[in-house]
file coords12.csv (CSV, C-alpha atoms)
chain,number,residue,atom,x,y,z
A,1,MET,CA,4.5,-12.3,-13.6
A,2,THR,CA,2.0,-15.0,-14.4
A,3,ALA,CA,3.8,-18.1,-13.0
A,4,ALA,CA,2.2,-20.0,-10.2
A,5,PRO,CA,3.2,-18.9,-6.7
A,6,LEU,CA,5.9,-20.8,-4.9
A,7,LEU,CA,3.7,-21.6,-1.9
A,8,ALA,CA,0.0,-21.3,-1.1
A,9,VAL,CA,-1.4,-22.1,2.4
A,10,GLY,CA,-5.0,-22.3,3.4
A,11,TRP,CA,-6.2,-22.2,7.0
A,12,THR,CA,-9.5,-22.6,8.8
A,13,ASP,CA,-10.0,-21.2,12.3
A,14,HIS,CA,-11.1,-24.1,14.6
A,15,VAL,CA,-13.1,-21.7,16.8
A,16,THR,CA,-15.1,-19.6,14.3
A,17,GLY,CA,-14.6,-21.4,11.0
A,18,ARG,CA,-13.1,-18.3,9.4
A,19,ARG,CA,-10.7,-18.8,6.5
A,20,GLY,CA,-7.2,-17.4,6.1
A,21,HIS,CA,-4.6,-17.6,3.4
A,22,LEU,CA,-0.9,-17.1,2.9
A,23,VAL,CA,0.7,-16.9,-0.5
A,24,VAL,CA,4.4,-16.7,-1.1
A,25,ASP,CA,5.0,-15.7,-4.7
A,26,ARG,CA,8.8,-15.7,-4.7
A,27,LEU,CA,11.7,-15.7,-2.3
A,28,VAL,CA,14.9,-13.6,-2.6
A,29,ARG,CA,17.7,-14.6,-0.3
A,30,GLY,CA,15.2,-17.0,1.2
A,31,VAL,CA,12.8,-14.3,2.4
A,32,ALA,CA,9.6,-12.7,1.1
A,33,SER,CA,7.8,-9.5,2.2
A,34,GLY,CA,4.1,-8.6,2.2
A,35,GLY,CA,1.4,-7.4,4.6
A,36,LEU,CA,-1.5,-9.1,6.3
A,37,ARG,CA,-5.0,-7.9,5.5
A,38,MET,CA,-8.3,-8.7,7.2
A,39,ARG,CA,-11.6,-8.1,5.4
A,40,GLU,CA,-14.9,-9.8,5.0
A,41,GLY,CA,-14.8,-11.8,1.7
A,42,CYS,CA,-11.0,-12.0,1.4
A,43,THR,CA,-10.2,-14.9,-1.0
A,44,ALA,CA,-7.2,-17.0,-1.9
A,45,GLU,CA,-7.2,-15.6,-5.4
A,46,GLU,CA,-7.1,-12.0,-4.0
A,47,VAL,CA,-4.1,-12.9,-1.8
A,48,ALA,CA,-2.3,-14.5,-4.7
A,49,GLY,CA,-2.7,-11.4,-6.8
A,50,LEU,CA,-1.5,-9.3,-3.9
A,51,ALA,CA,1.6,-11.5,-3.4
A,52,ARG,CA,2.5,-11.2,-7.1
A,53,GLY,CA,2.2,-7.5,-6.8
A,54,MET,CA,4.6,-7.5,-3.8
A,55,THR,CA,7.2,-9.3,-5.9
A,56,MET,CA,6.9,-6.5,-8.4
A,57,LYS,CA,7.0,-3.7,-5.8
A,58,GLU,CA,10.2,-5.1,-4.3
A,59,ALA,CA,11.9,-5.5,-7.7
A,60,LEU,CA,11.0,-1.9,-8.7
A,61,HIS,CA,12.9,-0.5,-5.8
A,62,TYR,CA,16.1,-2.5,-6.6
A,63,ASP,CA,19.2,-0.3,-6.5
A,64,PRO,CA,22.5,-2.2,-6.6
A,65,ARG,CA,24.2,0.6,-4.8
A,66,ALA,CA,21.9,0.4,-1.8
A,67,ARG,CA,22.1,-1.7,1.4
A,68,TYR,CA,18.5,-2.8,1.0
A,69,VAL,CA,18.3,-5.7,-1.4
A,70,PRO,CA,14.7,-6.4,-2.4
A,71,LEU,CA,13.0,-9.5,-1.0
A,72,GLY,CA,10.5,-11.7,-2.7
A,73,GLY,CA,6.8,-11.1,-2.6
A,74,ALA,CA,4.1,-12.6,-0.3
A,75,LYS,CA,0.8,-11.7,1.3
A,76,GLY,CA,-1.5,-12.9,4.0
A,77,GLY,CA,-5.3,-12.5,4.2
A,78,ILE,CA,-8.1,-13.4,6.6
A,79,ASP,CA,-11.8,-13.5,5.7
A,80,CYS,CA,-13.2,-11.6,8.6
A,81,ASP,CA,-14.7,-8.2,9.3
A,82,PRO,CA,-12.0,-6.4,11.3
A,83,ARG,CA,-14.8,-4.7,13.3
A,84,SER,CA,-16.2,-8.0,14.5
A,85,PRO,CA,-15.7,-8.8,18.3
A,86,GLU,CA,-14.1,-12.1,17.2
A,87,ALA,CA,-11.6,-10.5,14.9
A,88,TYR,CA,-8.7,-10.2,17.3
A,89,GLY,CA,-8.9,-13.8,18.4
A,90,VAL,CA,-9.0,-14.9,14.8
A,91,LEU,CA,-5.9,-12.8,14.1
A,92,VAL,CA,-4.0,-14.3,17.0
A,93,ARG,CA,-4.9,-17.9,16.0
A,94,TYR,CA,-4.0,-17.3,12.4
A,95,LEU,CA,-0.6,-16.0,13.4
A,96,ARG,CA,0.0,-19.0,15.7
A,97,ALA,CA,-0.8,-21.3,12.7
A,98,MET,CA,1.5,-19.3,10.4
A,99,ARG,CA,4.3,-19.1,13.0
A,100,PRO,CA,6.7,-21.4,11.2
A,101,TYR,CA,6.4,-19.2,8.1
A,102,VAL,CA,6.8,-15.9,9.9
A,103,GLU,CA,9.8,-17.2,11.8
A,104,ARG,CA,11.7,-18.4,8.7
A,105,PHE,CA,10.7,-16.6,5.5
A,106,TRP,CA,7.6,-14.4,5.6
A,107,THR,CA,8.0,-10.8,6.8
A,108,THR,CA,4.7,-9.1,7.3
A,109,GLY,CA,2.9,-6.0,8.7
A,110,GLU,CA,-0.3,-4.0,8.6
A,111,ASP,CA,-2.5,-4.0,5.5
A,112,LEU,CA,-6.2,-3.3,4.9
A,113,GLY,CA,-8.3,-3.7,8.1
A,114,LEU,CA,-5.3,-4.0,10.4
A,115,THR,CA,-3.0,-1.5,12.1
A,116,GLN,CA,0.7,-2.2,12.8
A,117,ASP,CA,0.0,-1.8,16.6
A,118,LEU,CA,-2.6,-4.5,16.4
A,119,VAL,CA,-0.4,-6.8,14.3
A,120,ASP,CA,2.4,-6.3,16.8
A,121,ARG,CA,0.2,-7.1,19.8
A,122,ALA,CA,-1.1,-10.2,18.1
A,123,VAL,CA,2.4,-11.3,17.0
A,124,ALA,CA,3.5,-11.1,20.6
A,125,GLU,CA,0.5,-13.1,21.9
A,126,ALA,CA,1.2,-15.7,19.2
A,127,GLY,CA,4.7,-16.3,20.6
A,128,LEU,CA,6.6,-14.6,17.8
A,129,VAL,CA,9.5,-12.2,18.3
A,130,SER,CA,8.5,-9.8,15.5
A,131,SER,CA,6.4,-9.7,12.3
A,132,ILE,CA,9.6,-9.2,10.4
A,133,GLN,CA,11.9,-11.6,12.3
A,134,ALA,CA,12.6,-13.7,9.2
A,135,VAL,CA,14.7,-10.9,7.7
A,136,TYR,CA,17.0,-10.5,10.8
A,137,PRO,CA,19.6,-13.1,9.7
A,138,LEU,CA,20.2,-10.9,6.6
A,139,LEU,CA,21.2,-7.8,8.7
A,140,ASP,CA,24.8,-6.9,9.3
A,141,ASP,CA,24.0,-5.6,12.8
A,142,GLU,CA,20.7,-6.8,14.0
A,143,ALA,CA,20.6,-4.8,17.2
A,144,SER,CA,21.4,-1.5,15.6
A,145,ALA,CA,19.0,-2.2,12.7
A,146,ARG,CA,16.1,-3.0,15.0
A,147,LYS,CA,16.7,0.0,17.2
A,148,ARG,CA,16.8,2.2,14.1
A,149,LEU,CA,13.4,0.9,12.9
A,150,ALA,CA,11.9,1.2,16.4
A,151,ASP,CA,13.1,4.8,16.6
A,152,ALA,CA,11.6,5.5,13.2
A,153,PHE,CA,8.2,4.1,14.3
A,154,ALA,CA,8.3,6.4,17.4
A,155,ILE,CA,8.7,9.5,15.3
A,156,GLU,CA,5.6,11.7,14.9
A,157,VAL,CA,5.1,14.6,12.4
A,158,ASP,CA,2.3,17.0,13.4
A,159,GLY,CA,1.0,14.3,15.8
A,160,ILE,CA,0.9,11.5,13.1
A,161,GLY,CA,3.3,8.6,13.2
A,162,LEU,CA,5.9,8.6,10.5
A,163,ASP,CA,5.0,5.1,9.5
A,164,GLU,CA,1.4,6.3,8.8
A,165,LEU,CA,2.6,9.0,6.4
A,166,VAL,CA,5.3,7.6,4.1
A,167,GLY,CA,3.0,5.4,2.0
A,168,GLY,CA,0.5,8.2,1.3
A,169,LEU,CA,3.3,10.6,0.5
A,170,GLY,CA,4.4,8.2,-2.2
A,171,VAL,CA,0.9,8.1,-3.6
A,172,ALA,CA,0.6,11.9,-3.5
A,173,GLU,CA,4.0,12.3,-5.2
A,174,SER,CA,2.9,9.9,-7.9
A,175,VAL,CA,-0.1,12.2,-8.6
A,176,LEU,CA,2.1,15.3,-8.6
A,177,VAL,CA,4.5,13.7,-11.1
A,178,ALA,CA,1.7,12.9,-13.5
A,179,LEU,CA,0.3,16.5,-13.1
A,180,ASP,CA,3.8,18.0,-13.8
A,181,ARG,CA,4.2,15.9,-16.9
A,182,ALA,CA,0.8,17.2,-18.2
A,183,GLY,CA,1.7,20.8,-17.3
A,184,ARG,CA,-1.3,21.0,-15.0
A,185,GLU,CA,-1.3,23.4,-12.0
A,186,TYR,CA,-1.8,21.9,-8.6
A,187,ALA,CA,-4.1,24.7,-7.5
A,188,GLY,CA,-7.6,24.0,-8.8
A,189,THR,CA,-7.0,20.4,-9.5
A,190,ARG,CA,-9.8,18.4,-7.8
A,191,VAL,CA,-9.4,15.0,-6.1
A,192,SER,CA,-12.0,12.4,-5.1
A,193,MET,CA,-11.1,9.6,-2.8
A,194,GLN,CA,-12.4,6.3,-1.6
A,195,GLY,CA,-11.1,5.5,1.9
A,196,LEU,CA,-9.5,7.5,4.8
A,197,GLY,CA,-7.5,4.7,6.4
A,198,THR,CA,-3.7,5.0,6.8
A,199,MET,CA,-2.9,5.2,3.1
A,200,GLY,CA,-5.9,7.3,2.1
A,201,ALA,CA,-5.5,9.8,5.0
A,202,ALA,CA,-1.9,10.5,4.3
A,203,THR,CA,-2.6,10.8,0.6
A,204,ALA,CA,-5.4,13.3,1.2
A,205,ARG,CA,-3.2,15.3,3.6
A,206,PHE,CA,-0.2,15.6,1.3
A,207,LEU,CA,-2.3,16.4,-1.8
A,208,ALA,CA,-4.2,19.1,0.1
A,209,ARG,CA,-1.0,20.6,1.3
A,210,ALA,CA,0.4,20.7,-2.2
A,211,GLY,CA,-2.6,22.8,-3.2
A,212,LEU,CA,-5.0,20.3,-4.7
A,213,ARG,CA,-8.7,20.5,-3.7
A,214,VAL,CA,-10.2,17.3,-2.1
A,215,VAL,CA,-13.9,17.5,-3.1
A,216,ALA,CA,-15.1,14.0,-2.2
A,217,VAL,CA,-14.3,11.3,0.3
A,218,ALA,CA,-16.0,8.0,0.7
A,219,ASP,CA,-16.1,5.7,3.8
A,220,VAL,CA,-18.4,2.9,4.9
A,221,LEU,CA,-21.2,5.3,5.6
A,222,GLY,CA,-21.3,7.0,2.2
A,223,THR,CA,-19.5,9.8,0.4
A,224,ILE,CA,-18.9,13.3,1.8
A,225,VAL,CA,-18.9,15.9,-1.0
A,226,ASN,CA,-18.1,19.6,-1.2
A,227,PRO,CA,-17.3,21.1,-4.7
A,228,GLY,CA,-15.6,24.0,-3.0
A,229,GLY,CA,-13.2,21.7,-1.1
A,230,LEU,CA,-13.5,19.6,2.1
A,231,ASP,CA,-11.6,20.5,5.3
A,232,VAL,CA,-9.2,17.5,5.1
A,233,GLU,CA,-7.6,18.0,8.5
A,234,ALA,CA,-11.0,18.3,10.2
A,235,LEU,CA,-12.2,15.1,8.6
A,236,LEU,CA,-9.0,13.2,9.5
A,237,ALA,CA,-9.2,14.3,13.1
A,238,SER,CA,-12.8,13.0,13.4
A,239,ARG,CA,-12.1,9.5,12.1
A,240,ASP,CA,-12.4,6.3,14.1
A,241,ALA,CA,-9.8,3.5,14.1
A,242,HIS,CA,-11.3,2.2,10.8
A,243,GLY,CA,-11.3,5.5,8.9
A,244,THR,CA,-15.0,6.3,9.3
A,245,VAL,CA,-15.7,10.0,9.6
A,246,ASP,CA,-17.9,11.4,12.4
A,247,ARG,CA,-20.6,13.2,10.5
A,248,SER,CA,-20.9,15.8,13.3
A,249,ALA,CA,-17.6,17.2,12.0
A,250,LEU,CA,-19.1,18.2,8.7
A,251,ARG,CA,-19.4,21.8,7.7
A,252,PRO,CA,-22.5,23.5,6.4
A,253,GLY,CA,-21.2,23.3,2.8
A,254,ASP,CA,-20.5,19.6,3.0
A,255,ARG,CA,-23.2,17.1,1.9
A,256,GLU,CA,-23.7,13.4,2.2
A,257,GLU,CA,-24.2,11.3,-0.9
A,258,PRO,CA,-24.4,7.5,-1.6
A,259,GLY,CA,-21.3,5.3,-1.2
A,260,ASP,CA,-20.4,5.2,-4.9
A,261,ALA,CA,-20.7,9.0,-5.4
A,262,TRP,CA,-16.9,9.3,-5.2
A,263,LEU,CA,-16.7,7.7,-8.6
A,264,THR,CA,-18.9,10.3,-10.3
A,265,ALA,CA,-17.6,13.4,-8.5
A,266,GLU,CA,-16.4,16.2,-10.7
A,267,ALA,CA,-12.6,15.7,-10.2
A,268,GLU,CA,-9.5,15.4,-12.3
A,269,VAL,CA,-7.9,12.8,-9.9
A,270,LEU,CA,-9.5,9.7,-8.5
A,271,VAL,CA,-7.8,7.9,-5.6
A,272,PRO,CA,-9.2,4.5,-4.7
A,273,ALA,CA,-7.5,3.9,-1.3
A,274,ALA,CA,-9.7,1.3,0.3
A,275,VAL,CA,-10.7,-2.1,-1.2
A,276,SER,CA,-9.6,-4.2,-4.1
A,277,TYR,CA,-11.9,-4.5,-7.2
A,278,ALA,CA,-13.5,-1.2,-6.5
A,279,ILE,CA,-13.7,-0.2,-10.2
A,280,ASP,CA,-15.1,-2.7,-12.6
A,281,ALA,CA,-16.4,-2.9,-16.2
A,282,GLY,CA,-19.8,-1.8,-15.0
A,283,ASN,CA,-19.0,1.3,-13.1
A,284,GLN,CA,-15.9,2.6,-14.9
A,285,GLY,CA,-18.2,4.4,-17.4
A,286,LEU,CA,-19.3,6.7,-14.6
A,287,ILE,CA,-15.8,8.1,-14.1
A,288,THR,CA,-14.9,11.5,-15.5
A,289,ALA,CA,-11.5,11.9,-13.9
A,290,ARG,CA,-8.3,12.2,-16.0
A,291,TRP,CA,-6.0,10.3,-13.7
A,292,ILE,CA,-6.6,7.3,-11.3
A,293,ALA,CA,-3.9,6.7,-8.7
A,294,GLU,CA,-4.2,3.2,-7.2
A,295,ALA,CA,-3.5,3.8,-3.5
A,296,ALA,CA,-5.3,0.5,-2.7
A,297,ASN,CA,-4.1,-2.8,-4.0
A,298,MET,CA,-5.8,-4.0,-7.2
A,299,PRO,CA,-8.7,-1.5,-7.1
A,300,VAL,CA,-9.1,-1.4,-10.9
A,301,LEU,CA,-10.0,-4.6,-12.7
A,302,PRO,CA,-8.2,-5.3,-16.0
A,303,GLU,CA,-11.3,-4.9,-18.2
A,304,ALA,CA,-12.1,-1.6,-16.5
A,305,GLU,CA,-8.6,-0.4,-17.0
A,306,GLU,CA,-8.7,-1.3,-20.7
A,307,ALA,CA,-11.9,0.7,-21.1
A,308,LEU,CA,-10.6,3.7,-19.2
A,309,SER,CA,-7.4,3.8,-21.2
A,310,ALA,CA,-9.4,3.7,-24.4
A,311,ARG,CA,-11.1,7.0,-23.4
A,312,GLY,CA,-7.9,8.7,-22.2
A,313,VAL,CA,-7.9,8.0,-18.5
A,314,THR,CA,-4.4,7.3,-17.1
A,315,VAL,CA,-4.3,4.6,-14.4
A,316,LEU,CA,-1.2,4.9,-12.2
A,317,PRO,CA,-0.7,1.3,-11.0
A,318,ASP,CA,-0.6,0.1,-7.4
A,319,VAL,CA,2.7,-1.7,-7.8
A,320,VAL,CA,4.4,1.6,-8.2
A,321,VAL,CA,2.1,4.1,-6.6
A,322,ASN,CA,1.6,2.5,-3.1
A,323,SER,CA,5.0,0.8,-2.8
A,324,CYS,CA,6.7,3.2,-0.4
A,325,THR,CA,5.4,2.0,2.9
A,326,ASN,CA,7.1,-1.3,2.2
A,327,ALA,CA,10.3,0.3,0.9
A,328,TRP,CA,10.6,2.7,3.8
A,329,TRP,CA,10.6,-0.2,6.3
A,330,TRP,CA,13.6,-1.7,4.5
A,331,TRP,CA,15.5,1.5,3.7
A,332,THR,CA,15.4,2.2,7.4
A,333,LEU,CA,16.1,-1.4,8.7
A,334,PHE,CA,19.0,-1.9,6.3
A,335,GLY,CA,20.4,1.6,7.0
A,336,ASP,CA,20.0,3.4,3.7
A,337,ILE,CA,18.3,6.1,5.8
A,338,GLU,CA,18.3,6.9,9.5
A,339,ALA,CA,15.3,7.2,11.8
A,340,ASP,CA,14.5,10.8,10.6
A,341,ALA,CA,11.4,12.2,9.0
A,342,GLU,CA,13.1,14.5,6.6
A,343,GLN,CA,15.4,11.8,5.3
A,344,ALA,CA,12.3,9.5,4.9
A,345,PHE,CA,10.3,12.1,3.1
A,346,ASP,CA,13.2,13.0,0.8
A,347,ARG,CA,13.9,9.4,0.0
A,348,VAL,CA,10.2,8.8,-0.8
A,349,ARG,CA,9.9,11.8,-3.0
A,350,ARG,CA,13.1,11.0,-4.9
A,351,ALA,CA,12.2,7.4,-5.4
A,352,MET,CA,8.7,8.1,-6.7
A,353,ARG,CA,9.9,10.9,-9.0
A,354,MET,CA,12.3,8.4,-10.5
A,355,LEU,CA,9.9,5.4,-10.6
A,356,VAL,CA,6.8,7.2,-11.8
A,357,GLY,CA,8.7,9.3,-14.3
A,358,GLY,CA,10.5,6.3,-15.6
A,359,MET,CA,7.3,4.3,-15.9
A,360,LEU,CA,5.5,7.1,-17.8
A,361,ASP,CA,8.5,7.6,-20.1
A,362,ARG,CA,8.5,3.9,-20.9
A,363,ALA,CA,4.8,3.9,-21.5
A,364,GLU,CA,5.1,6.8,-23.9
A,365,ALA,CA,8.1,5.3,-25.7
A,366,ASP,CA,6.4,1.9,-26.1
A,367,GLY,CA,3.0,3.2,-26.8
A,368,THR,CA,1.5,1.2,-23.9
A,369,SER,CA,-0.1,1.7,-20.5
A,370,PRO,CA,1.7,2.7,-17.4
A,371,ARG,CA,1.0,-0.8,-15.9
A,372,ALA,CA,2.5,-2.5,-18.9
A,373,ALA,CA,5.5,-0.2,-18.6
A,374,ALA,CA,5.9,-1.1,-14.9
A,375,HIS,CA,5.7,-4.8,-15.8
A,376,ALA,CA,8.4,-4.3,-18.4
A,377,LEU,CA,10.7,-2.5,-15.8
A,378,VAL,CA,10.2,-5.5,-13.4
A,379,ALA,CA,11.0,-8.0,-16.1
A,380,GLU,CA,14.3,-6.2,-16.7
A,381,ARG,CA,15.2,-6.1,-13.0
A,382,LEU,CA,14.2,-9.6,-11.8
A,383,PRO,CA,17.0,-11.4,-13.8
A,384,LEU,CA,19.6,-9.0,-12.2
A,385,ILE,CA,18.2,-9.8,-8.7
A,386,ALA,CA,18.2,-13.5,-9.4
A,387,GLU,CA,21.7,-13.5,-10.7
A,388,ARG,CA,23.2,-11.4,-7.9
A,389,HIS,CA,21.1,-12.6,-4.9
A,390,GLY,CA,19.3,-15.7,-5.8
A,391,TRP,CA,15.6,-16.2,-6.1
A,392,TYR,CA,13.1,-19.0,-6.4
call {"tool": "encode", "arguments": {"input": "coords12.csv", "output": "structure tokens"}}
result
Amino acid sequence: MTAAPLLAVGWTDHVTGRRGHLVVDRLVRGVASGGLRMREGCTAEEVAGLARGMTMKEALHYDPRARYVPLGGAKGGIDCDPRSPEAYGVLVRYLRAMRPYVERFWTTGEDLGLTQDLVDRAVAEAGLVSSIQAVYPLLDDEASARKRLADAFAIEVDGIGLDELVGGLGVAESVLVALDRAGREYAGTRVSMQGLGTMGAATARFLARAGLRVVAVADVLGTIVNPGGLDVEALLASRDAHGTVDRSALRPGDREEPGDAWLTAEAEVLVPAAVSYAIDAGNQGLITARWIAEAANMPVLPEAEEALSARGVTVLPDVVVNSCTNAWWWWTLFGDIEADAEQAFDRVRRAMRMLVGGMLDRAEADGTSPRAAAHALVAERLPLIAERHGWY
């Protein structure tokens, strides 16, 4: 997975001068899948890495018996603070510029800094039918498929949209698989998290409900810590649209610490669920956790992962861990599951048990890292996809 991408497009907003990027790593059946992120400092290099990761995520979920045939990988990114008053206008103009790609071969959706509701609204204003319209020609029954996905997005579980839960459930299940293999009880296992956006919030919720203790959570204002365990539901209920916790919701035992305190919290599991490049060679030495589950995309830099591995820290890689939001869209659209929460949760749990278990088995057998094992699994599946479905 080191070849140059198939297509890289740069864009400059004529109103604000903001920069945007689109990278299509590979196409399968003429289509690629990958979300659109918005963050201050987003770079073309970052987007290219994310697109490459999407190719891997798609391939890892390949099941020749399923209706869903994986797509290629792509990603979009805009260098803009999503909290800025100009952000929505930039988003609309970016999508207008990228309209030919969205119409023909790039299916996209929410990512860091953007919600699906906001993407959908901007897509409509940009004159597009849907953010995933490029995949419609591949459907056997477009009308039924679109209704099924719309019905799925309308489902709420405990007041939370199903689409906001499936990705975090996949992350949580990855952690539970790792704990099971190590023979560690869930109760008493401590978790420290960076980020309470869509992915981080659902991950925290499912880990807490499994019996793990969330002891630290970081957002843009700092880190909230309670060694006895945070009230996850209360924190989630107090967030704003960008995942920032209202400090008035804190309990007497909760304390506020600096933003990087989530790295040093006394916890067995670390979940970076916010930004890329969060853990580098400089700060990795502060980490005492036994497992790191990459809920964000590319949060651990390669040199940091190498150092962590050398001292016995297992990094569960993003290409496996956070892949279920994308997979759920396609399982539902192509008809492998119906618009049903229990079916969705069951499919996510089974898929992650198989993927994470297989990855860890391969890593142990080969004497390598989980990431290297995931890459090996992708390398085995890509030729099958290319032979049966075509890719370039």
call {"tool": "closest_residue", "arguments": {"input": "coords12.csv", "among": "A:Leu250, A:Leu91, A:Phe105, A:Ser174", "to": "Arg29 of chain A", "atoms": "only C-alpha atoms"}}
result
A:Phe105
call {"tool": "closest_residue", "arguments": {"input": "coords12.csv", "among": "A:Ala281, A:Val220, A:Ala241, A:Ile287", "to": "Leu301 of chain A", "atoms": "all atoms listed in the file"}}
result
A:Ala281
call {"tool": "residues_around", "arguments": {"input": "coords12.csv", "residues": "Asp231 of chain A", "least_positions_apart": "2", "cutoff": "10 Å", "atoms": "only C-alpha atoms", "output": "PDB file with C-alpha atoms, in the frame of the given file"}}
result
ATOM      1  CA  ALA A 208      -4.200  19.100   0.100  1.00  0.00           C
ATOM      2  CA  ARG A 213      -8.700  20.500  -3.700  1.00  0.00           C
ATOM      3  CA  VAL A 214     -10.200  17.300  -2.100  1.00  0.00           C
ATOM      4  CA  VAL A 215     -13.900  17.500  -3.100  1.00  0.00           C
ATOM      5  CA  ASN A 226     -18.100  19.600  -1.200  1.00  0.00           C
ATOM      6  CA  GLY A 228     -15.600  24.000  -3.000  1.00  0.00           C
ATOM      7  CA  GLY A 229     -13.200  21.700  -1.100  1.00  0.00           C
ATOM      8  CA  GLU A 233      -7.600  18.000   8.500  1.00  0.00           C
ATOM      9  CA  ALA A 234     -11.000  18.300  10.200  1.00  0.00           C
ATOM     10  CA  LEU A 235     -12.200  15.100   8.600  1.00  0.00           C
ATOM     11  CA  LEU A 236      -9.000  13.200   9.500  1.00  0.00           C
ATOM     12  CA  ALA A 249     -17.600  17.200  12.000  1.00  0.00           C
ATOM     13  CA  LEU A 250     -19.100  18.200   8.700  1.00  0.00           C
ATOM     14  CA  ARG A 251     -19.400  21.800   7.700  1.00  0.00           C
ATOM     15  CA  ASP A 254     -20.500  19.600   3.000  1.00  0.00           C
TER      16      ASP A 254
END
call {"tool": "closest_residue", "arguments": {"input": "coords12.csv", "among": "A:Thr223, A:Gln194, A:Thr314, A:Ser144", "to": "Pro299 of chain A", "atoms": "all atoms listed in the file"}}
result
A:Gln194
call {"tool": "residues_around", "arguments": {"input": "coords12.csv", "residues": "Gly17 of chain A", "least_positions_apart": "6", "cutoff": "10 Å", "atoms": "only C-alpha atoms", "output": "list in words"}}
result
Trp11, Asp79 and Val90 of chain A
call {"tool": "closest_residue", "arguments": {"input": "coords12.csv", "among": "A:Leu27, A:Ala145, A:Leu384, A:Leu316", "to": "Ala372 of chain A", "atoms": "only C-alpha atoms"}}
result
A:Leu316
call {"tool": "closest_residue", "arguments": {"input": "coords12.csv", "among": "A:Arg362, A:Trp331, A:Gly168, A:Ala344", "to": "Val271 of chain A", "atoms": "all atoms listed in the file"}}
result
A:Gly168
call {"tool": "atom_distance", "arguments": {"input": "coords12.csv", "atom1": "atom CA of Leu6 of chain A", "atom2": "atom CA of Val24 of chain A"}}
result
5.8 Å
call {"tool": "atom_distance", "arguments": {"input": "coords12.csv", "atom1": "atom CA of Ala289 of chain A", "atom2": "atom CA of Ala172 of chain A"}}
result
16.0 Å
call {"tool": "atom_distance", "arguments": {"input": "coords12.csv", "atom1": "atom CA of Leu112 of chain A", "atom2": "atom CA of Leu360 of chain A"}}
result
27.6 Å
call {"tool": "axis_aligned_box", "arguments": {"input": "coords12.csv", "around": "segment 179-194 of chain A", "padding_each_side": "3 Å", "output": "lines of an AutoDock Vina configuration file"}}
result
center_x = -4.1
center_y = 15.5
center_z = -9.9
size_x = 22.6
size_y = 24.4
size_z = 22.6
call {"tool": "residues_near_point", "arguments": {"input": "coords12.csv", "point": "(5.0, -18.4, 22.2)", "cutoff": "12 Å", "atoms": "only C-alpha atoms", "output": "VMD selection string"}}
result
chain A and resid 92 to 93 95 to 97 99 to 100 103 122 to 130
call {"tool": "closest_residue", "arguments": {"input": "coords12.csv", "among": "A:Thr288, A:Thr55, A:Ser33, A:Thr115", "to": "Leu270 of chain A", "atoms": "only C-alpha atoms"}}
result
A:Thr288
call {"tool": "residues_around", "arguments": {"input": "coords12.csv", "residues": "segment 177-180 of chain A", "least_positions_apart": "2", "cutoff": "12 Å", "atoms": "only C-alpha atoms", "output": "number ranges by chain"}}
result
A: 170-175, 182-190, 207, 210, 212, 268-269, 290-293, 313-316, 321, 349-361, 370
call {"tool": "write_last_selection", "arguments": {"input": "coords12.csv", "atoms": "C-alpha atoms", "output": "compact mmCIF listing (two decimals), in the coordinates of the input"}}
result
# COMPACT_ATOMS: atom_id res chain seq x y z
CA GLY A 170 4.40 8.20 -2.20
CA VAL A 171 0.90 8.10 -3.60
CA ALA A 172 0.60 11.90 -3.50
CA GLU A 173 4.00 12.30 -5.20
CA SER A 174 2.90 9.90 -7.90
CA VAL A 175 -0.10 12.20 -8.60
CA ALA A 182 0.80 17.20 -18.20
CA GLY A 183 1.70 20.80 -17.30
CA ARG A 184 -1.30 21.00 -15.00
CA GLU A 185 -1.30 23.40 -12.00
CA TYR A 186 -1.80 21.90 -8.60
CA ALA A 187 -4.10 24.70 -7.50
CA GLY A 188 -7.60 24.00 -8.80
CA THR A 189 -7.00 20.40 -9.50
CA ARG A 190 -9.80 18.40 -7.80
CA LEU A 207 -2.30 16.40 -1.80
CA ALA A 210 0.40 20.70 -2.20
CA LEU A 212 -5.00 20.30 -4.70
CA GLU A 268 -9.50 15.40 -12.30
CA VAL A 269 -7.90 12.80 -9.90
CA ARG A 290 -8.30 12.20 -16.00
CA TRP A 291 -6.00 10.30 -13.70
CA ILE A 292 -6.60 7.30 -11.30
CA ALA A 293 -3.90 6.70 -8.70
CA VAL A 313 -7.90 8.00 -18.50
CA THR A 314 -4.40 7.30 -17.10
CA VAL A 315 -4.30 4.60 -14.40
CA LEU A 316 -1.20 4.90 -12.20
CA VAL A 321 2.10 4.10 -6.60
CA ARG A 349 9.90 11.80 -3.00
CA ARG A 350 13.10 11.00 -4.90
CA ALA A 351 12.20 7.40 -5.40
CA MET A 352 8.70 8.10 -6.70
CA ARG A 353 9.90 10.90 -9.00
CA MET A 354 12.30 8.40 -10.50
CA LEU A 355 9.90 5.40 -10.60
CA VAL A 356 6.80 7.20 -11.80
CA GLY A 357 8.70 9.30 -14.30
CA GLY A 358 10.50 6.30 -15.60
CA MET A 359 7.30 4.30 -15.90
CA LEU A 360 5.50 7.10 -17.80
CA ASP A 361 8.50 7.60 -20.10
CA PRO A 370 1.70 2.70 -17.40
